[in-house]
Amino acid sequence: MTTLKRIQYHRYGGPELMRYEDFEPARPGPGEVLVRVKAAAANPMDWKIRNGELKIMTGRKFPRGLGHDFSGVVAAVGDGVTRLGIGDEVLGGASIKAAGAFAEMVVAEEKAVVRKPANLTWEEAAALPIVGLTAFQAVIGKGRLQAGQSVFVHGCLGGVGRSAAQIALAHGVSVGGSCRGTAAHEAHDLGIAPVVGFDFDATKLAGRFDVVFDTAGTLPVRAARTLLRPGGRIIDINPTPGKFVRSTLQGSYQVLIAKTRVEDLDAVAQAAGQGALRLPVARVVPLGQAIEALTELERDRTPKGGKLIITTG
């Protein structure tokens, strides 16, 4: 294998531990593909893993690559791979344990990779996997929403919230949501109504929604219940031990941890290809300059209003 470049770290900790270094990509094993990365997208999960918050899942083998969501071209396939072939343009996600998408090449499981619609740019495609899959599984999976029903999305202009709103609207579901007051016009432009601020009075929207989707993990359960119609469901994607306990005791409250499913990821990709799902890109930087941009995003949450995308040139 040729020596290539990637962003990696040699122990768990803060952003100062990120390094832009040579690495030798692994050969794809059974059921895996090696992808020449064209673009990759940053997600909060990336620095949570690097900080060591998920070390029970990621282990202690170093150096570790950073990043999960990517788009690119299949360069090699492992044994048993039949759905994808060399030269296919794809989008997908590296596993939590392996990571390594902020690189010139990355290995991923075939089940976590789908073909990229031809009309999506590399940057648009890279922005989709984690947020799109999470939103789809919340709205269509756990939410079981159907045309004519309604959902309230708390944090409707974040990556997952924006995706959930667009997916729901494309399925004939009406969408209300909360966001910063200064961005309400943007939510209205997406087709969201009503739009309220984060400090809204839930009693004014009592009993209006079949599902309440808390993308930020900050909506009080009492407020969420107030919004629900009888038999409705609350979905939270910010797990804590206490929330897991609540989800086992209260049928209306459910914690979602997105799982890799080819059918779901392909549905997300096709929605984007058809123009029903669009995620804004706030900044694009080359791989060699990405550490500074990643540090700024983690520490200052800037740029706002869209994804940070890393390209390999």
# chains A, B, ... in the order shown; residues from 1 in each chain; ligands from 1
>>> residues_around(residues="Glu123 (chain A)", least_positions_apart="6", cutoff="8 Å", atoms="only C-alpha atoms", output="list of chain:residue names")
A:Ala39, A:Ala40, A:Ala41, A:Ser71, A:Val281, A:Ile309, A:Thr311
>>> residues_around(residues="region 141-143 of chain A", least_positions_apart="2", cutoff="10 Å", atoms="only C-alpha atoms", output="list in words")
Thr134, Ala135, Phe136, Gln137, Ala138, Val139, Leu145, Gln146, Val151, Asp210, Val211, Val212, Phe213, Gly232, Arg233, Ile234, Ile235, Gln254, Val255, Leu256, Ala258 and Asp264 of chain A
>>> residues_around(residues="Gly181 (chain A)", least_positions_apart="2", cutoff="8 Å", atoms="only C-alpha atoms", output="PyMOL selection string")
chain A and resi 179+183-184+196-198
>>> select_by_dssp(residues="region 73-210 of chain A", states="strand (DSSP E or B)", output="JSON, numbers by chain")
{"A": [73, 74, 75, 76, 77, 89, 90, 91, 92, 93, 103, 105, 106, 107, 108, 109, 113, 114, 115, 150, 151, 152, 153, 154, 174, 175, 176, 177, 178, 195, 196, 209, 210]}
>>> write_last_selection(atoms="N, CA and C atoms", output="mmCIF file, in the first residue's frame")
data_model
loop_
_atom_site.group_PDB
_atom_site.id
_atom_site.type_symbol
_atom_site.label_atom_id
_atom_site.label_comp_id
_atom_site.auth_asym_id
_atom_site.auth_seq_id
_atom_site.Cartn_x
_atom_site.Cartn_y
_atom_site.Cartn_z
ATOM 1 N N VAL A 73 -14.553 7.453 -4.144
ATOM 2 C CA VAL A 73 -14.575 6.449 -5.207
ATOM 3 C C VAL A 73 -13.994 5.142 -4.677
ATOM 4 N N VAL A 74 -14.698 4.045 -4.895
ATOM 5 C CA VAL A 74 -14.217 2.750 -4.427
ATOM 6 C C VAL A 74 -12.919 2.386 -5.154
ATOM 7 N N ALA A 75 -11.863 2.104 -4.355
ATOM 8 C CA ALA A 75 -10.556 1.774 -4.917
ATOM 9 C C ALA A 75 -10.253 0.286 -4.852
ATOM 10 N N ALA A 76 -10.850 -0.417 -3.899
ATOM 11 C CA ALA A 76 -10.643 -1.857 -3.762
ATOM 12 C C ALA A 76 -11.777 -2.425 -2.934
ATOM 13 N N VAL A 77 -12.043 -3.719 -3.109
ATOM 14 C CA VAL A 77 -13.105 -4.380 -2.346
ATOM 15 C C VAL A 77 -12.565 -5.649 -1.717
ATOM 16 N N GLU A 89 -18.863 5.586 -7.496
ATOM 17 C CA GLU A 89 -18.901 6.802 -6.687
ATOM 18 C C GLU A 89 -19.874 6.577 -5.541
ATOM 19 N N VAL A 90 -19.410 6.813 -4.314
ATOM 20 C CA VAL A 90 -20.182 6.399 -3.138
ATOM 21 C C VAL A 90 -20.188 7.481 -2.064
ATOM 22 N N LEU A 91 -21.081 7.273 -1.088
ATOM 23 C CA LEU A 91 -21.059 8.033 0.155
ATOM 24 C C LEU A 91 -21.321 7.049 1.279
ATOM 25 N N GLY A 92 -20.837 7.388 2.474
ATOM 26 C CA GLY A 92 -21.046 6.465 3.581
ATOM 27 C C GLY A 92 -20.332 6.908 4.834
ATOM 28 N N GLY A 93 -20.200 5.967 5.746
ATOM 29 C CA GLY A 93 -19.572 6.289 7.024
ATOM 30 C C GLY A 93 -18.653 5.179 7.489
ATOM 31 N N ALA A 103 -9.035 11.675 5.639
ATOM 32 C CA ALA A 103 -7.863 11.006 5.080
ATOM 33 C C ALA A 103 -7.993 10.929 3.566
ATOM 34 N N MET A 105 -7.595 8.084 2.015
ATOM 35 C CA MET A 105 -8.304 6.824 1.814
ATOM 36 C C MET A 105 -8.871 6.343 3.142
ATOM 37 N N VAL A 106 -10.000 5.622 3.080
ATOM 38 C CA VAL A 106 -10.612 5.097 4.284
ATOM 39 C C VAL A 106 -11.220 3.730 3.974
ATOM 40 N N VAL A 107 -11.200 2.848 4.956
ATOM 41 C CA VAL A 107 -11.857 1.547 4.847
ATOM 42 C C VAL A 107 -13.200 1.614 5.580
ATOM 43 N N ALA A 108 -14.235 1.089 4.954
ATOM 44 C CA ALA A 108 -15.559 1.071 5.577
ATOM 45 C C ALA A 108 -16.252 -0.237 5.243
ATOM 46 N N GLU A 109 -17.228 -0.609 6.053
ATOM 47 C CA GLU A 109 -18.026 -1.789 5.770
ATOM 48 C C GLU A 109 -18.946 -1.506 4.593
ATOM 49 N N VAL A 113 -22.104 1.854 3.143
ATOM 50 C CA VAL A 113 -21.751 2.646 1.965
ATOM 51 C C VAL A 113 -22.793 2.405 0.873
ATOM 52 N N VAL A 114 -23.219 3.486 0.220
ATOM 53 C CA VAL A 114 -24.161 3.371 -0.906
ATOM 54 C C VAL A 114 -23.670 4.235 -2.061
ATOM 55 N N ARG A 115 -24.229 4.002 -3.220
ATOM 56 C CA ARG A 115 -23.829 4.789 -4.392
ATOM 57 C C ARG A 115 -24.299 6.235 -4.249
ATOM 58 N N SER A 150 -48.174 14.662 12.169
ATOM 59 C CA SER A 150 -47.377 15.859 12.430
ATOM 60 C C SER A 150 -46.251 15.551 13.403
ATOM 61 N N VAL A 151 -45.156 16.292 13.264
ATOM 62 C CA VAL A 151 -43.990 16.129 14.129
ATOM 63 C C VAL A 151 -43.499 17.503 14.561
ATOM 64 N N PHE A 152 -43.049 17.593 15.809
ATOM 65 C CA PHE A 152 -42.400 18.799 16.300
ATOM 66 C C PHE A 152 -40.914 18.481 16.446
ATOM 67 N N VAL A 153 -40.071 19.259 15.770
ATOM 68 C CA VAL A 153 -38.628 19.034 15.793
ATOM 69 C C VAL A 153 -37.966 20.131 16.626
ATOM 70 N N HIS A 154 -37.475 19.744 17.786
ATOM 71 C CA HIS A 154 -36.761 20.680 18.663
ATOM 72 C C HIS A 154 -35.327 20.785 18.160
ATOM 73 N N SER A 174 -46.721 17.041 8.382
ATOM 74 C CA SER A 174 -46.561 18.455 8.704
ATOM 75 C C SER A 174 -45.544 18.600 9.830
ATOM 76 N N VAL A 175 -44.794 19.695 9.791
ATOM 77 C CA VAL A 175 -43.659 19.874 10.699
ATOM 78 C C VAL A 175 -43.739 21.216 11.407
ATOM 79 N N GLY A 176 -43.658 21.182 12.732
ATOM 80 C CA GLY A 176 -43.429 22.379 13.530
ATOM 81 C C GLY A 176 -42.059 22.251 14.149
ATOM 82 N N GLY A 177 -41.525 23.357 14.652
ATOM 83 C CA GLY A 177 -40.194 23.230 15.219
ATOM 84 C C GLY A 177 -39.738 24.445 15.986
ATOM 85 N N SER A 178 -38.616 24.259 16.676
ATOM 86 C CA SER A 178 -38.000 25.346 17.440
ATOM 87 C C SER A 178 -36.603 25.613 16.907
ATOM 88 N N VAL A 195 -43.247 27.877 13.897
ATOM 89 C CA VAL A 195 -41.845 27.982 14.311
ATOM 90 C C VAL A 195 -41.799 28.807 15.582
ATOM 91 N N VAL A 196 -41.141 28.281 16.605
ATOM 92 C CA VAL A 196 -41.052 28.970 17.893
ATOM 93 C C VAL A 196 -39.593 29.038 18.334
ATOM 94 N N PHE A 209 -49.147 17.319 18.194
ATOM 95 C CA PHE A 209 -48.169 16.548 17.427
ATOM 96 C C PHE A 209 -48.195 15.053 17.760
ATOM 97 N N ASP A 210 -48.007 14.249 16.718
ATOM 98 C CA ASP A 210 -47.944 12.800 16.892
ATOM 99 C C ASP A 210 -46.571 12.360 17.402
#
>>> residues_around(residues="Thr2 (chain A)", least_positions_apart="5", cutoff="9 Å", atoms="only C-alpha atoms", output="ChimeraX atom specification")
/A:23-25
>>> select_by_dssp(residues="region 90-306 of chain A", states="alpha helix (DSSP H)", output="MDAnalysis selection string")
chainID A and resid 122:126 129:136 159:170 184:190 221:227 241:249 262:273 290:300
>>> closest_atom_pairs(of="region 90-184 of chain A", to="region 65-68 of chain A", cutoff="8 Å", atoms="only C-alpha atoms", output="tab-separated table")
residue	atom	partner	partner_atom	distance
A:Gly93	CA	A:His68	CA	5.0
A:Ala94	CA	A:His68	CA	4.7
A:Ser95	CA	A:His68	CA	6.9
A:Ile96	CA	A:His68	CA	7.4
A:Ala98	CA	A:Gly65	CA	7.4
A:Ala99	CA	A:His68	CA	5.3
A:Gly100	CA	A:Gly65	CA	3.9
A:Ala101	CA	A:Gly67	CA	4.5
A:Phe102	CA	A:Gly67	CA	5.2
A:Ala103	CA	A:Gly65	CA	8.0
